[in-house]
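Asks: Sharing a structure here in structure tokens format.
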Number of protein chains: 2
Amino acid sequence: MTADSTQELTGDDLAFNVFARACPSRGTLEHVTGKWGSLTLGALYDASFRFNELRRRVDGVSEKMLSQTLQALERDGLVHREAQLTNPPRVDYELTPLGRAVAERLLGLIHLVESRMPEVLAARESYDETRGGR
Amino acid sequence: MTADSTQELTGDDLAFNVFARACPSRGTLEHVTGKWGSLTLGALYDASFRFNELRRRVDGVSEKMLSQTLQALERDGLVHREAQLTNPPRVDYELTPLGRAVAERLLGLIHLVESRMPEVLAARESYDETRGGR
């Protein structure tokens, strides 16, 4: 490895590779695709929300988990937290342009999964039936 | 709710909704987007692999986790397990057509995340700097 090849790596899209264990992109992919991360980004694609509105949308999330999820997404630059100095203070969460691009791809995946669920459920049934005979 | 509206729900794409806690699509989304599920589907998009080849590709996965991941993806009809009755037996894993469609969307998301990592890392730095002053 020369100084040149390091230079090349940092300037190139190929510098980041989720398949490599130590690559920071793996952590970001996990924030984005994690159980609550994906649903939070998907919900915020429709509109900006206050914490409790968001919590109702992401059915089943605890206050603590939603708070941790939003913090990780904000730190990665995907969600913007807008605090207004009113009394009581009002805090809105919205997607950044980067968060919007990520949520768009994510929703493409979510809609594909939702639309193919009949196939998935049929596969599960056939797997569970034949498994005893293996 | 009438019998008619139930009928409508099961015949419609909108029948499945990952935002609803009890919807089975949520579990499938988790298999697909889980830490090891997403990397396994991404790796299998390139070619079919044997277990140990796949394990080398998905850097950092344990034997147990890869085995559980493949089992969940096979049960959901996303991965096909091809066992050949040779001695020693040879088992290949490959994507089904449904798995290919899912992996395609997933790779779109992965490539977006990888290519935008400089932005993510800059956001993290600025978040960590300003956080003390909040």
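Identifiers for the structure tokens are assigned positionally: chains receive A, B, ... in sequence, residues are indexed from 1 per chain, and ligands are indexed from 1 in the order shown.
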Determine, for each residue of chain A having at least one atom at most 6 Å from an atom of chain B, the closest pair of atoms and their separation in Å to one decimal, counting only C-alpha atoms; order by chain and ascending number, as CSV.
Replies:
```
residue,atom,partner,partner_atom,distance
A:Asp13,CA,B:Ser115,CA,5.0
A:Phe16,CA,B:Glu114,CA,5.2
A:Phe19,CA,B:Val58,CA,5.8
A:Ala20,CA,B:Asp59,CA,5.7
A:Arg21,CA,B:Asp59,CA,5.4
A:Ser25,CA,B:Glu114,CA,5.9
A:Thr33,CA,B:Thr33,CA,5.3
A:Val58,CA,B:Phe19,CA,5.8
A:Asp59,CA,B:Arg21,CA,5.4
A:Gly60,CA,B:Arg21,CA,5.7
A:Arg75,CA,B:Arg124,CA,5.0
A:Asp76,CA,B:Val120,CA,5.0
A:Gly77,CA,B:Ala123,CA,5.0
A:Arg105,CA,B:Leu109,CA,5.6
A:Leu109,CA,B:Arg105,CA,5.5
A:Glu114,CA,B:Phe16,CA,5.2
A:Ser115,CA,B:Asp13,CA,5.0
A:Val120,CA,B:Asp76,CA,5.0
A:Ala123,CA,B:Gly77,CA,5.0
A:Arg124,CA,B:Arg75,CA,5.0
A:Tyr127,CA,B:Arg75,CA,5.6
```
Asks: Could the residues in this selection be written to a file with C-alpha atoms, as a PDB file, in the first residue's frame?
Replies:
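Everything below was put into part_27.pdb:
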```
ATOM      1  CA  ASP A  13     -17.016   5.460  -4.032  1.00  0.00           C
ATOM      2  CA  PHE A  16     -16.686   2.087   1.425  1.00  0.00           C
ATOM      3  CA  PHE A  19     -19.131  -6.429   3.159  1.00  0.00           C
ATOM      4  CA  ALA A  20     -15.928  -5.503   5.007  1.00  0.00           C
ATOM      5  CA  ARG A  21     -16.302  -5.980   8.739  1.00  0.00           C
ATOM      6  CA  SER A  25     -20.742   2.017   6.088  1.00  0.00           C
ATOM      7  CA  THR A  33     -32.197  -1.090   7.859  1.00  0.00           C
ATOM      8  CA  VAL A  58     -44.222   3.220  14.094  1.00  0.00           C
ATOM      9  CA  ASP A  59     -46.590   0.811  15.784  1.00  0.00           C
ATOM     10  CA  GLY A  60     -44.956  -1.079  18.665  1.00  0.00           C
ATOM     11  CA  ARG A  75     -25.996  11.671  13.978  1.00  0.00           C
ATOM     12  CA  ASP A  76     -25.652  10.024  10.536  1.00  0.00           C
ATOM     13  CA  GLY A  77     -27.182  13.141   8.926  1.00  0.00           C
ATOM     14  CA  ARG A 105     -34.817   3.260  -1.763  1.00  0.00           C
ATOM     15  CA  LEU A 109     -37.826  -2.403  -0.828  1.00  0.00           C
ATOM     16  CA  GLU A 114     -45.412  -6.099   1.105  1.00  0.00           C
ATOM     17  CA  SER A 115     -46.612  -6.854  -2.423  1.00  0.00           C
ATOM     18  CA  VAL A 120     -43.542 -15.540   0.991  1.00  0.00           C
ATOM     19  CA  ALA A 123     -43.056 -20.575   0.631  1.00  0.00           C
ATOM     20  CA  ARG A 124     -43.184 -20.754   4.446  1.00  0.00           C
ATOM     21  CA  TYR A 127     -41.017 -25.235   3.876  1.00  0.00           C
TER      22      TYR A 127
END
```
Asks: Could you tell me how far atom CA of Asn52 of chain A sits from atom CA of Gln84 of chain A, in Å to one decimal place?
Replies: 15.8 Å
Asks: Report, in Å with one decimal, the straight-line distance from atom CA of Asp46 of chain B to atom CA of Leu66 of chain B.
Replies: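 The value is 17.4 Å.
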Asks: What separation in Å, quoted to one decimal, exists between atom CA of Asp92 of chain B and atom CA of Ser67 of chain B?
Replies: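 Calculated distance between atom CA of Asp92 of chain B and atom CA of Ser67 of chain B is 12.7 Å.
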Asks: For the strand (DSSP E) assignment from backbone DSSP, which residues of segment 52-103 of chain B qualify? Please present them as JSON, numbers by chain.
Replies: {"B": [79, 80, 81, 82, 83, 84, 90, 91, 92, 93, 94, 95]}
Asks: So that I have them on file, write out the residues from the current selection with C-alpha atoms, as a CSV table (one decimal), in the first residue's frame.
Replies:
```csv
chain,number,residue,atom,x,y,z
B,79,VAL,CA,-33.0,-18.5,-1.1
B,80,HIS,CA,-32.9,-21.9,-2.6
B,81,ARG,CA,-30.7,-24.6,-1.0
B,82,GLU,CA,-29.5,-27.1,-3.6
B,83,ALA,CA,-28.1,-30.3,-2.0
B,84,GLN,CA,-26.2,-32.7,-4.3
B,90,ARG,CA,-22.2,-30.5,-1.7
B,91,VAL,CA,-24.7,-27.8,-0.8
B,92,ASP,CA,-25.1,-24.6,-2.9
B,93,TYR,CA,-27.2,-21.6,-2.0
B,94,GLU,CA,-28.7,-19.4,-4.6
B,95,LEU,CA,-31.3,-16.7,-4.9
```
Asks: Could you pull out all residues of segment 22-64 of chain B with a DSSP call of alpha helix (DSSP H) and give them as a PyMOL selection string?
Replies: chain B and resi 24-33+35-44+51-57+63-64
Asks: Taking C-alpha atoms for each residue, export the selection above as a compact mmCIF listing (two decimals), in the first residue's frame.
Replies:
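Saved to part-v8.txt:
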```
# COMPACT_ATOMS: atom_id res chain seq x y z
CA PRO B 24 -46.23 -10.86 8.89
CA SER B 25 -44.51 -8.58 6.34
CA ARG B 26 -42.66 -6.96 9.24
CA GLY B 27 -40.90 -10.24 10.03
CA THR B 28 -39.91 -10.74 6.40
CA LEU B 29 -38.59 -7.19 6.17
CA GLU B 30 -36.48 -7.93 9.24
CA HIS B 31 -35.06 -11.11 7.66
CA VAL B 32 -34.22 -9.14 4.53
CA THR B 33 -32.78 -6.05 6.19
CA LYS B 35 -27.48 -7.27 9.70
CA TRP B 36 -26.64 -10.68 8.19
CA GLY B 37 -29.73 -11.10 6.01
CA SER B 38 -28.95 -8.03 3.92
CA LEU B 39 -25.29 -8.97 3.43
CA THR B 40 -26.16 -12.59 2.60
CA LEU B 41 -28.71 -11.56 -0.05
CA GLY B 42 -26.26 -9.00 -1.42
CA ALA B 43 -23.47 -11.59 -1.71
CA LEU B 44 -25.73 -14.17 -3.38
CA PHE B 51 -21.69 -22.31 2.84
CA ASN B 52 -18.01 -21.68 3.52
CA GLU B 53 -17.55 -19.50 0.43
CA LEU B 54 -20.49 -17.43 1.55
CA ARG B 55 -19.08 -17.19 5.04
CA ARG B 56 -15.86 -15.70 3.69
CA ARG B 57 -17.81 -13.15 1.65
CA GLU B 63 -21.21 -20.23 11.40
CA LYS B 64 -24.28 -20.28 13.62
```
